[in-house]
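upload_10.txt follows (compact mmCIF, C-alpha atoms):
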```txt
# COMPACT_ATOMS: atom_id res chain seq x y z
CA MET E 1357 -17.23 23.36 61.47
CA LYS E 1358 -15.73 25.58 58.76
CA LEU E 1359 -12.75 23.24 58.54
CA ASN E 1360 -14.99 20.23 57.97
CA ARG E 1361 -16.80 22.04 55.21
CA LYS E 1362 -13.52 22.85 53.49
CA LEU E 1363 -12.42 19.23 53.74
CA MET E 1364 -15.70 18.05 52.27
CA MET E 1365 -15.34 20.50 49.37
CA ILE E 1366 -11.78 19.31 48.64
CA VAL E 1367 -12.88 15.68 48.69
CA ALA E 1368 -15.77 16.47 46.35
CA MET E 1369 -13.49 18.33 43.94
CA VAL E 1370 -10.99 15.46 43.85
CA ALA E 1371 -13.78 12.96 43.32
CA PHE E 1372 -15.18 15.09 40.53
CA GLY E 1373 -11.72 15.34 38.89
CA VAL E 1374 -11.18 11.60 39.05
CA SER E 1375 -14.64 10.98 37.66
CA ALA E 1376 -14.11 13.48 34.82
CA SER E 1377 -10.72 11.98 34.01
CA ALA E 1378 -12.13 8.48 33.94
CA GLN E 1379 -14.93 9.60 31.65
CA THR E 1380 -12.44 11.29 29.31
CA VAL E 1381 -10.22 8.20 29.09
CA GLU E 1382 -13.36 6.17 28.47
CA ALA E 1383 -14.28 8.52 25.62
CA VAL E 1384 -10.83 8.07 24.09
CA GLY E 1385 -11.19 4.32 24.45
CA GLN E 1386 -14.59 4.33 22.74
CA LYS E 1387 -13.30 6.51 19.91
CA TYR E 1388 -10.26 4.26 19.56
CA ASN E 1389 -12.38 1.10 19.37
CA ASP E 1390 -14.70 2.64 16.78
CA ALA E 1391 -11.73 3.79 14.68
CA ILE E 1392 -10.07 0.38 14.82
CA GLU E 1393 -13.27 -1.29 13.67
CA LEU E 1394 -13.34 1.01 10.66
CA TYR E 1395 -9.69 0.16 9.98
CA LYS E 1396 -10.34 -3.58 10.22
CA ALA E 1397 -13.28 -3.19 7.83
CA LYS E 1398 -10.84 -1.49 5.39
CA ASN E 1399 -12.98 1.62 5.46
CA TYR E 1400 -9.90 3.79 5.34
CA ALA E 1401 -11.75 6.92 4.23
CA GLN E 1402 -13.46 7.02 7.63
CA ALA E 1403 -10.75 5.27 9.62
CA VAL E 1404 -8.18 8.02 8.91
CA PRO E 1405 -10.18 10.94 10.41
CA ALA E 1406 -11.44 8.72 13.25
CA LEU E 1407 -7.90 7.75 14.20
CA GLU E 1408 -6.73 11.35 13.92
CA GLN E 1409 -9.48 12.38 16.35
CA THR E 1410 -8.45 9.57 18.68
CA VAL E 1411 -4.86 10.79 18.72
CA GLU E 1412 -5.96 14.37 19.37
CA MET E 1413 -8.27 13.33 22.20
CA GLY E 1414 -5.64 11.05 23.73
CA THR E 1415 -2.99 13.76 23.53
CA LYS E 1416 -5.24 16.17 25.46
CA VAL E 1417 -5.93 13.59 28.15
CA GLY E 1418 -2.22 12.90 28.57
CA ASP E 1419 -0.54 10.03 30.40
CA ALA E 1420 -3.78 8.29 31.32
CA ALA E 1421 -4.48 7.61 27.60
CA ALA E 1422 -0.86 7.38 26.41
CA ASP E 1423 -1.01 3.73 25.33
CA MET E 1424 -4.16 4.27 23.27
CA THR E 1425 -2.70 7.43 21.75
CA THR E 1426 0.45 5.61 20.66
CA SER E 1427 -1.54 2.67 19.29
CA ALA E 1428 -3.93 4.97 17.43
CA GLN E 1429 -1.03 6.89 15.90
CA SER E 1430 0.55 3.65 14.66
CA ALA E 1431 -2.78 2.51 13.18
CA LEU E 1432 -3.23 5.95 11.58
CA MET E 1433 0.05 5.63 9.68
CA LYS E 1434 -0.99 2.21 8.39
CA ALA E 1435 -4.41 3.55 7.45
CA TYR E 1436 -2.88 6.39 5.43
CA LYS E 1437 -0.68 3.96 3.53
CA ASN E 1438 -3.47 1.46 2.87
CA TYR E 1439 -5.88 4.21 1.86
CA GLY E 1440 -3.41 5.65 -0.64
CA VAL E 1441 -2.57 2.24 -2.13
CA THR E 1442 -6.26 1.27 -2.33
CA LEU E 1443 -7.05 4.44 -4.28
CA TYR E 1444 -4.11 3.73 -6.58
CA LYS E 1445 -5.40 0.23 -7.30
CA LYS E 1446 -8.75 1.78 -8.17
CA LYS E 1447 -6.88 4.06 -10.60
CA LYS E 1448 -7.79 7.14 -8.57
CA TYR E 1449 -4.28 8.44 -8.95
CA ASP E 1450 -4.71 12.09 -7.98
CA GLU E 1451 -6.71 11.18 -4.88
CA SER E 1452 -4.10 8.61 -3.93
CA VAL E 1453 -1.29 11.16 -4.10
CA LYS E 1454 -3.34 13.67 -2.10
CA VAL E 1455 -3.96 11.14 0.69
CA LEU E 1456 -0.28 10.19 0.89
CA LYS E 1457 0.85 13.81 0.95
CA ASN E 1458 -1.58 14.43 3.81
CA GLY E 1459 -0.06 11.36 5.43
CA ILE E 1460 3.43 12.85 5.09
CA ALA E 1461 2.30 16.08 6.77
CA THR E 1462 0.62 14.16 9.60
CA ALA E 1463 3.62 11.87 10.10
CA LYS E 1464 5.97 14.86 10.31
CA LYS E 1465 3.58 16.52 12.77
CA TYR E 1466 4.04 13.54 15.08
CA GLY E 1467 7.77 13.31 14.41
CA ASP E 1468 7.38 10.01 12.56
CA GLU E 1469 10.02 10.43 9.85
CA LYS E 1470 10.00 6.71 9.01
CA SER E 1471 6.35 6.81 7.91
CA ALA E 1472 6.87 10.11 6.11
CA LYS E 1473 9.71 8.60 4.06
CA LYS E 1474 7.62 5.51 3.31
CA PHE E 1475 4.73 7.58 1.97
CA GLN E 1476 7.17 9.70 -0.04
CA SER E 1477 8.64 6.58 -1.66
CA ILE E 1478 5.19 5.46 -2.84
CA ILE E 1479 4.19 8.72 -4.56
CA PRO E 1480 6.60 8.53 -7.55
CA GLN E 1481 5.47 4.95 -8.15
CA ILE E 1482 1.87 6.19 -8.34
CA TYR E 1483 2.80 8.87 -10.86
CA ALA E 1484 4.71 6.28 -12.91
CA GLY E 1485 1.74 3.91 -12.78
CA TYR E 1486 -0.54 6.74 -13.87
CA GLY E 1487 1.81 7.49 -16.75
CA ASN E 1488 1.84 3.85 -17.86
CA SER E 1489 -1.96 3.81 -17.81
CA LEU E 1490 -2.06 6.86 -20.08
CA LEU E 1491 0.64 5.31 -22.26
CA LYS E 1492 -1.54 2.28 -22.93
CA SER E 1493 -4.23 4.65 -24.18
CA GLU E 1494 -1.63 6.36 -26.40
CA LYS E 1495 -2.07 9.64 -24.52
CA TYR E 1496 1.62 10.35 -24.87
CA ASP E 1497 1.83 13.98 -23.80
CA GLU E 1498 -0.27 13.35 -20.71
CA ALA E 1499 1.82 10.29 -19.92
CA LEU E 1500 5.03 12.32 -20.17
CA LYS E 1501 3.62 14.82 -17.68
CA GLN E 1502 3.03 12.06 -15.12
CA PHE E 1503 6.48 10.56 -15.66
CA ASP E 1504 7.93 14.03 -15.10
CA ASN E 1505 5.89 14.29 -11.88
CA ALA E 1506 7.44 11.01 -10.77
CA LEU E 1507 10.93 12.32 -11.51
CA THR E 1508 10.21 15.52 -9.58
CA GLU E 1509 9.41 13.39 -6.54
CA LYS E 1510 12.27 10.97 -7.20
CA PRO E 1511 14.95 12.07 -9.70
CA ASN E 1512 16.22 8.50 -10.22
CA CYS E 1513 12.83 6.79 -10.68
CA ILE E 1514 13.65 3.95 -13.08
CA ARG E 1515 9.98 3.31 -13.91
CA ALA E 1516 9.60 6.91 -15.05
CA PHE E 1517 12.70 6.69 -17.24
CA MET E 1518 11.36 3.49 -18.80
CA GLY E 1519 7.98 5.13 -19.33
CA LYS E 1520 9.55 8.05 -21.17
CA GLU E 1521 11.69 5.62 -23.14
CA THR E 1522 8.52 3.83 -24.31
CA VAL E 1523 6.73 7.08 -25.17
CA TYR E 1524 9.56 8.20 -27.42
CA LYS E 1525 9.85 4.73 -28.97
CA ASP E 1526 6.18 4.87 -29.92
CA LYS E 1527 6.63 8.40 -31.24
CA GLY E 1528 9.60 7.30 -33.37
CA ASP E 1529 12.00 9.67 -31.62
CA PHE E 1530 14.84 7.21 -31.18
CA THR E 1531 17.36 9.80 -30.01
CA LYS E 1532 15.15 10.58 -27.03
CA MET E 1533 14.29 6.91 -26.59
CA LYS E 1534 17.97 6.01 -26.26
CA GLU E 1535 18.54 8.89 -23.83
CA PHE E 1536 15.98 7.56 -21.37
CA ALA E 1537 16.88 3.93 -21.96
CA ASP E 1538 20.45 4.79 -20.99
CA LYS E 1539 19.25 6.63 -17.87
CA ALA E 1540 17.15 3.66 -16.79
CA ILE E 1541 20.07 1.30 -17.33
CA GLU E 1542 22.44 3.61 -15.45
CA VAL E 1543 20.10 3.96 -12.45
CA GLY E 1544 19.54 0.21 -12.23
CA ALA E 1545 23.15 -0.82 -12.80
CA GLY E 1546 24.56 -2.96 -10.02
CA SER E 1547 21.22 -3.36 -8.25
CA SER E 1548 19.84 -6.89 -7.99
CA LYS E 1549 16.40 -5.42 -7.23
CA GLN E 1550 16.42 -3.45 -10.48
CA ALA E 1551 18.02 -6.13 -12.67
CA LYS E 1552 14.70 -7.15 -14.22
CA ARG E 1553 13.80 -3.56 -15.07
CA VAL E 1554 17.24 -2.96 -16.57
CA GLN E 1555 16.67 -5.92 -18.86
CA GLN E 1556 13.23 -4.58 -19.76
CA ALA E 1557 14.69 -1.16 -20.59
CA LYS E 1558 17.26 -2.80 -22.85
CA LYS E 1559 14.57 -4.92 -24.52
CA ILE E 1560 12.34 -1.91 -25.20
CA ALA E 1561 15.21 -0.09 -26.90
CA TYR E 1562 16.42 -3.17 -28.78
CA LEU E 1563 13.02 -4.08 -30.22
CA GLY E 1564 12.19 -0.47 -31.06
CA LEU E 1565 15.41 0.04 -33.00
CA TYR E 1566 15.20 -3.40 -34.60
CA LYS E 1567 11.67 -2.79 -35.88
CA ALA E 1568 12.48 0.71 -37.11
CA GLY E 1569 15.56 -0.62 -38.92
CA GLY E 1570 13.43 -3.20 -40.71
CA GLU E 1571 10.98 -0.53 -41.79
CA GLU E 1572 13.77 1.67 -43.18
CA LEU E 1573 15.31 -1.29 -45.00
CA SER E 1574 11.99 -2.08 -46.67
CA LYS E 1575 11.88 1.54 -47.90
CA GLY E 1576 15.34 1.18 -49.42
CA ASN E 1577 17.01 3.39 -46.83
CA SER E 1578 19.90 1.01 -46.17
CA ALA E 1579 22.20 3.53 -44.45
CA LYS E 1580 19.54 4.57 -41.96
CA ALA E 1581 18.50 0.95 -41.46
CA LEU E 1582 22.07 -0.09 -40.68
CA SER E 1583 22.46 2.77 -38.20
CA LEU E 1584 19.34 1.59 -36.38
CA PHE E 1585 20.42 -2.06 -36.44
CA ASN E 1586 23.82 -1.20 -35.02
CA ASP E 1587 22.21 0.87 -32.29
CA ALA E 1588 19.93 -2.06 -31.49
CA LEU E 1589 22.99 -4.24 -30.88
CA LYS E 1590 24.01 -1.90 -28.06
CA TYR E 1591 20.94 -3.08 -26.15
CA GLY E 1592 20.71 -6.73 -27.19
CA GLU E 1593 22.77 -9.55 -28.65
CA GLY E 1594 20.87 -9.77 -31.91
CA ASP E 1595 19.34 -12.81 -33.60
CA ALA E 1596 19.72 -14.51 -36.96
CA ASP E 1597 17.07 -12.35 -38.61
CA LEU E 1598 18.65 -9.08 -37.47
CA TYR E 1599 22.03 -10.08 -38.87
CA LEU E 1600 20.39 -11.24 -42.09
CA ASN E 1601 18.76 -7.82 -42.42
CA MET E 1602 22.11 -6.20 -41.75
CA ALA E 1603 23.67 -8.32 -44.50
CA LEU E 1604 20.93 -7.14 -46.86
CA GLY E 1605 21.65 -3.53 -45.88
CA TYR E 1606 25.38 -3.90 -46.38
CA ASN E 1607 24.87 -5.55 -49.77
CA ALA E 1608 22.66 -2.64 -50.81
CA SER E 1609 25.39 -0.26 -49.61
CA LYS E 1610 28.01 -2.29 -51.50
CA ASN E 1611 29.89 -2.90 -48.27
CA PHE E 1612 30.39 -6.56 -49.14
CA SER E 1613 32.94 -7.44 -46.47
CA LYS E 1614 30.50 -6.31 -43.78
CA ALA E 1615 27.69 -8.15 -45.57
CA ILE E 1616 29.71 -11.38 -45.50
CA GLU E 1617 30.45 -10.91 -41.81
CA ALA E 1618 26.79 -10.27 -40.96
CA ALA E 1619 25.52 -13.20 -43.05
CA LYS E 1620 27.99 -15.59 -41.42
CA LYS E 1621 26.83 -14.38 -38.00
CA SER E 1622 23.26 -15.02 -39.08
CA LEU E 1623 24.16 -18.57 -40.10
CA SER E 1624 25.83 -19.24 -36.76
CA LEU E 1625 22.71 -18.10 -34.89
CA LYS E 1626 20.18 -19.89 -37.10
CA GLY E 1627 20.90 -23.32 -35.71
CA ASP E 1628 18.74 -25.98 -37.36
CA GLY E 1629 16.39 -23.44 -38.95
CA ASP E 1630 15.86 -22.73 -42.63
CA LYS E 1631 19.06 -21.12 -43.94
CA ASN E 1632 18.15 -20.74 -47.62
CA ALA E 1633 17.61 -16.98 -47.43
CA ILE E 1634 20.91 -16.51 -45.62
CA TYR E 1635 22.87 -18.55 -48.17
CA PHE E 1636 21.36 -16.45 -50.96
CA VAL E 1637 22.36 -13.15 -49.32
CA LEU E 1638 25.82 -14.52 -48.46
CA ALA E 1639 26.28 -15.61 -52.09
CA GLN E 1640 25.34 -12.14 -53.28
CA ALA E 1641 27.90 -10.65 -50.89
CA TYR E 1642 30.69 -12.91 -52.18
CA GLU E 1643 29.65 -12.15 -55.75
CA GLY E 1644 29.83 -8.43 -55.02
CA ALA E 1645 33.24 -8.92 -53.39
CA GLY E 1646 34.48 -10.64 -56.58
CA ASP E 1647 34.80 -14.15 -55.14
CA ALA E 1648 32.81 -16.13 -57.72
CA SER E 1649 33.89 -19.54 -56.43
CA ILE E 1650 32.46 -19.07 -52.91
CA ALA E 1651 29.45 -17.24 -54.36
CA CYS E 1652 28.68 -20.30 -56.51
CA ALA E 1653 29.02 -22.62 -53.53
CA ASN E 1654 26.48 -20.63 -51.56
CA PHE E 1655 24.04 -20.12 -54.44
CA LYS E 1656 24.00 -23.91 -54.83
CA LYS E 1657 22.94 -24.28 -51.19
CA VAL E 1658 19.70 -22.45 -51.94
CA THR E 1659 17.36 -25.41 -52.45
CA ALA E 1660 14.03 -24.08 -51.21
CA GLY E 1661 12.08 -20.87 -50.84
CA PRO E 1662 11.43 -17.89 -53.10
CA ASN E 1663 15.08 -17.48 -54.15
CA VAL E 1664 15.59 -20.91 -55.75
CA ASP E 1665 15.08 -19.75 -59.35
CA ALA E 1666 17.18 -16.62 -58.86
CA ALA E 1667 19.99 -18.71 -57.37
CA LYS E 1668 19.89 -21.16 -60.28
CA TYR E 1669 20.03 -18.28 -62.73
CA GLN E 1670 23.15 -16.90 -61.03
CA VAL E 1671 24.76 -20.35 -61.09
CA THR E 1672 24.00 -21.20 -64.72
CA GLN E 1673 23.74 -17.88 -66.52
CA VAL E 1674 25.67 -15.21 -64.63
CA LEU E 1675 28.55 -16.89 -62.83
CA LYS E 1676 28.45 -20.04 -64.97
CA CYS E 1677 29.51 -22.10 -62.01
CA LYS E 1678 31.12 -25.49 -62.58
```

So, in terms of structure tokens, how does the structure I just supplied come out?
Amino acid sequence: MKLNRKLMMIVAMVAFGVSASAQTVEAVGQKYNDAIELYKAKNYAQAVPALEQTVEMGTKVGDAAADMTTSAQSALMKAYKNYGVTLYKKKKYDESVKVLKNGIATAKKYGDEKSAKKFQSIIPQIYAGYGNSLLKSEKYDEALKQFDNALTEKPNCIRAFMGKETVYKDKGDFTKMKEFADKAIEVGAGSSKQAKRVQQAKKIAYLGLYKAGGEELSKGNSAKALSLFNDALKYGEGDADLYLNMALGYNASKNFSKAIEAAKKSLSLKGDGDKNAIYFVLAQAYEGAGDASIACANFKKVTAGPNVDAAKYQVTQVLKCK
């Protein structure tokens, strides 16, 4: 009789254990389904904690909920990424970084180094994007701080180098601008993925130096203008107008051989465009160099524009061309 009672108690305990286990797995399943629905609805703010709870519950249950635990963990990593990117697109930069850093910690907790590295790779891009947003608002010092944050996370972040390059261009600090332009170009060198950004970095530097050179030339600072123009040519091939401006600078500096060279380069790049201004500057260069014959030939080619009368005066009154 006592033996039968013991058997009945053992059977009851096993039945209770099986029932409790089934209920626990069912609870994990319900939590998992609810979390996935939140994920599908792109409600990542709620999906992340719901999936974390699912993983915790599934881990406690063990083998019986292993498949759901693994699936929930995979969905959790995707939710972290999507949540961080969504916040970034909404320009909630600090929140975005916070979410992704939490994602890194969670991924490492589960031994998921691949997801941790993915989240880490996104963070410097967020800082760079934040910096560019501040840059557009001309908040230069704040922008520099975010670009520095990006470089702390990723020391060779080309977007951050380009951002700092642009800040210093806008500030008129061309020494610093060139420093970060060169770093961007160096980082992107040889990479087909970065080729477009390398070209952008070169263009930023080229146009910044070109514009600054023009401004210095208009102020009569020919030496400074020429230095800026020559630096610009390190980042771009130069066009007809740049070489024309260089010819003007060299004429003002009485470096007539260089002026002739620059003016000829301008002519070669002008194509079918109006060349009257170039002929006038080239004539002045030859006149300064003491070659009156070629100066006359070029002054005579000036047939339109604001320099026509001045060219005629040189031909008839100064050089007395034949």

**Report entry** Using all atoms listed in the file: which of E:Glu1408, E:Asp1497, E:Asp1390, E:Asp1450 has the shortest distance to Thr1462 of chain E
**Finding:** E:Glu1408

Report summary line: Using all atoms listed in the file, the best pick from E:Lys1610, E:Arg1553, E:Lys1620, E:Lys1437 as closest to Ile1514 of chain E would be E:Arg1553

Requested in this report: State, in Å with one decimal place, the distance from atom CA of Gly1605 of chain E to atom CA of Gly1576 of chain E.
Outcome: 8.6 Å

Requested in this report: Find the residues around Tyr1439 of chain E up to 12 Å (all atoms listed in the file counted), leave out those fewer than 2 positions away in its own chain, and share them as a PyMOL selection string.
Outcome: chain E and resi 1394-1395+1398-1405+1431-1437+1441-1446+1448-1449+1451-1459+1475

Requested in this report: Can you work out which one of E:Val1671, E:Tyr1591, E:Lys1525, E:Lys1473 has the shortest atom-to-atom distance to Asp1538 of chain E, counting all atoms listed in the file?
Outcome: E:Tyr1591

Report task. Kindly provide, as a PyMOL selection string, the polymer residues lying within 10 Å of (27.9, -9.1, -37.4), counting only C-alpha atoms and using the coordinates exactly as they appear in the file. Result -> chain E and resi 1586+1589+1594+1596+1598-1600+1602-1603+1614-1622

For the selection just defined, write its residues with C-alpha atoms to a file, as a PDB file, keeping the file's coordinate frame.
```pdb
ATOM      1  CA  ASN E1586      23.820  -1.200 -35.020  1.00  0.00           C
ATOM      2  CA  LEU E1589      22.990  -4.240 -30.880  1.00  0.00           C
ATOM      3  CA  GLY E1594      20.870  -9.770 -31.910  1.00  0.00           C
ATOM      4  CA  ALA E1596      19.720 -14.510 -36.960  1.00  0.00           C
ATOM      5  CA  LEU E1598      18.650  -9.080 -37.470  1.00  0.00           C
ATOM      6  CA  TYR E1599      22.030 -10.080 -38.870  1.00  0.00           C
ATOM      7  CA  LEU E1600      20.390 -11.240 -42.090  1.00  0.00           C
ATOM      8  CA  MET E1602      22.110  -6.200 -41.750  1.00  0.00           C
ATOM      9  CA  ALA E1603      23.670  -8.320 -44.500  1.00  0.00           C
ATOM     10  CA  LYS E1614      30.500  -6.310 -43.780  1.00  0.00           C
ATOM     11  CA  ALA E1615      27.690  -8.150 -45.570  1.00  0.00           C
ATOM     12  CA  ILE E1616      29.710 -11.380 -45.500  1.00  0.00           C
ATOM     13  CA  GLU E1617      30.450 -10.910 -41.810  1.00  0.00           C
ATOM     14  CA  ALA E1618      26.790 -10.270 -40.960  1.00  0.00           C
ATOM     15  CA  ALA E1619      25.520 -13.200 -43.050  1.00  0.00           C
ATOM     16  CA  LYS E1620      27.990 -15.590 -41.420  1.00  0.00           C
ATOM     17  CA  LYS E1621      26.830 -14.380 -38.000  1.00  0.00           C
ATOM     18  CA  SER E1622      23.260 -15.020 -39.080  1.00  0.00           C
TER      19      SER E1622
END
```

What's the 9 Å shell around Met1413 of chain E, counting only C-alpha atoms, without same-chain residues fewer than 6 positions away, as a PDB file with C-alpha atoms, in the frame of the given file?
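Now in out_14.pdb:
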```pdb
ATOM      1  CA  THR E1380     -12.440  11.290  29.310  1.00  0.00           C
ATOM      2  CA  VAL E1381     -10.220   8.200  29.090  1.00  0.00           C
ATOM      3  CA  ALA E1383     -14.280   8.520  25.620  1.00  0.00           C
ATOM      4  CA  VAL E1384     -10.830   8.070  24.090  1.00  0.00           C
ATOM      5  CA  LYS E1387     -13.300   6.510  19.910  1.00  0.00           C
ATOM      6  CA  ALA E1421      -4.480   7.610  27.600  1.00  0.00           C
ATOM      7  CA  THR E1425      -2.700   7.430  21.750  1.00  0.00           C
TER       8      THR E1425
END
```

Report task. Would you list the contacts of Lys1520 of chain E as number ranges by chain, taking every protein, DNA or RNA residue within 10 Å and counting only C-alpha atoms, but skipping same-chain residues closer than 4 positions in sequence? Result -> E: 1484, 1487-1488, 1491, 1496, 1499-1504, 1514-1516, 1524-1526, 1532-1533, 1535-1537, 1540

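Take atom CA of Ala1639 of chain E and atom CA of Lys1626 of chain E: the distance between them is 16.7 Å.
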
Requested in this report: Could you jot down the atom CA of Ser1609 of chain E to atom CA of Lys1678 of chain E separation for me, Å, one decimal place?
Outcome: 28.9 Å

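Residues with any atom within 9 Å of segment 1651-1661 of chain E, counting all atoms listed in the file and excluding same-chain neighbours fewer than 4 positions away, are E:Asp1630, E:Lys1631, E:Asn1632, E:Ala1633, E:Ile1634, E:Tyr1635, E:Phe1636, E:Val1637, E:Leu1638, E:Ala1639, E:Gln1640, E:Ala1641, E:Tyr1642, E:Glu1643, E:Gly1644, E:Gly1646, E:Asp1647, E:Ala1666, E:Ala1667, E:Lys1668, E:Gln1670, E:Val1671, E:Leu1675, E:Lys1676, E:Cys1677, E:Lys1678.
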
Export C-alpha atoms of the chosen residues as a PDB file, keeping the file's coordinate frame?
```pdb
ATOM      1  CA  ASP E1630      15.860 -22.730 -42.630  1.00  0.00           C
ATOM      2  CA  LYS E1631      19.060 -21.120 -43.940  1.00  0.00           C
ATOM      3  CA  ASN E1632      18.150 -20.740 -47.620  1.00  0.00           C
ATOM      4  CA  ALA E1633      17.610 -16.980 -47.430  1.00  0.00           C
ATOM      5  CA  ILE E1634      20.910 -16.510 -45.620  1.00  0.00           C
ATOM      6  CA  TYR E1635      22.870 -18.550 -48.170  1.00  0.00           C
ATOM      7  CA  PHE E1636      21.360 -16.450 -50.960  1.00  0.00           C
ATOM      8  CA  VAL E1637      22.360 -13.150 -49.320  1.00  0.00           C
ATOM      9  CA  LEU E1638      25.820 -14.520 -48.460  1.00  0.00           C
ATOM     10  CA  ALA E1639      26.280 -15.610 -52.090  1.00  0.00           C
ATOM     11  CA  GLN E1640      25.340 -12.140 -53.280  1.00  0.00           C
ATOM     12  CA  ALA E1641      27.900 -10.650 -50.890  1.00  0.00           C
ATOM     13  CA  TYR E1642      30.690 -12.910 -52.180  1.00  0.00           C
ATOM     14  CA  GLU E1643      29.650 -12.150 -55.750  1.00  0.00           C
ATOM     15  CA  GLY E1644      29.830  -8.430 -55.020  1.00  0.00           C
ATOM     16  CA  GLY E1646      34.480 -10.640 -56.580  1.00  0.00           C
ATOM     17  CA  ASP E1647      34.800 -14.150 -55.140  1.00  0.00           C
ATOM     18  CA  ALA E1666      17.180 -16.620 -58.860  1.00  0.00           C
ATOM     19  CA  ALA E1667      19.990 -18.710 -57.370  1.00  0.00           C
ATOM     20  CA  LYS E1668      19.890 -21.160 -60.280  1.00  0.00           C
ATOM     21  CA  GLN E1670      23.150 -16.900 -61.030  1.00  0.00           C
ATOM     22  CA  VAL E1671      24.760 -20.350 -61.090  1.00  0.00           C
ATOM     23  CA  LEU E1675      28.550 -16.890 -62.830  1.00  0.00           C
ATOM     24  CA  LYS E1676      28.450 -20.040 -64.970  1.00  0.00           C
ATOM     25  CA  CYS E1677      29.510 -22.100 -62.010  1.00  0.00           C
ATOM     26  CA  LYS E1678      31.120 -25.490 -62.580  1.00  0.00           C
TER      27      LYS E1678
END
```

Which protein, DNA or RNA residues are at most 12 Å from (10.5, 13.5, -5.8) in the file's coordinates when you count all atoms listed in the file, listed as an mmCIF file with C-alpha atoms, keeping the file's coordinate frame?
```cif
data_model
loop_
_atom_site.group_PDB
_atom_site.id
_atom_site.type_symbol
_atom_site.label_atom_id
_atom_site.label_comp_id
_atom_site.auth_asym_id
_atom_site.auth_seq_id
_atom_site.Cartn_x
_atom_site.Cartn_y
_atom_site.Cartn_z
ATOM 1 C CA LYS E 1457 0.850 13.810 0.950
ATOM 2 C CA LYS E 1473 9.710 8.600 4.060
ATOM 3 C CA PHE E 1475 4.730 7.580 1.970
ATOM 4 C CA GLN E 1476 7.170 9.700 -0.040
ATOM 5 C CA SER E 1477 8.640 6.580 -1.660
ATOM 6 C CA ILE E 1478 5.190 5.460 -2.840
ATOM 7 C CA ILE E 1479 4.190 8.720 -4.560
ATOM 8 C CA PRO E 1480 6.600 8.530 -7.550
ATOM 9 C CA GLN E 1481 5.470 4.950 -8.150
ATOM 10 C CA ILE E 1482 1.870 6.190 -8.340
ATOM 11 C CA TYR E 1483 2.800 8.870 -10.860
ATOM 12 C CA ALA E 1484 4.710 6.280 -12.910
ATOM 13 C CA PHE E 1503 6.480 10.560 -15.660
ATOM 14 C CA ASP E 1504 7.930 14.030 -15.100
ATOM 15 C CA ASN E 1505 5.890 14.290 -11.880
ATOM 16 C CA ALA E 1506 7.440 11.010 -10.770
ATOM 17 C CA LEU E 1507 10.930 12.320 -11.510
ATOM 18 C CA THR E 1508 10.210 15.520 -9.580
ATOM 19 C CA GLU E 1509 9.410 13.390 -6.540
ATOM 20 C CA LYS E 1510 12.270 10.970 -7.200
ATOM 21 C CA PRO E 1511 14.950 12.070 -9.700
ATOM 22 C CA ASN E 1512 16.220 8.500 -10.220
ATOM 23 C CA CYS E 1513 12.830 6.790 -10.680
ATOM 24 C CA ALA E 1516 9.600 6.910 -15.050
#
```

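Checking E:Asp1595, E:Ala1557, E:Gln1550, E:Ala1579 one by one against Asn1607 of chain E, counting all atoms listed in the file, you find the shortest gap at E:Ala1579.
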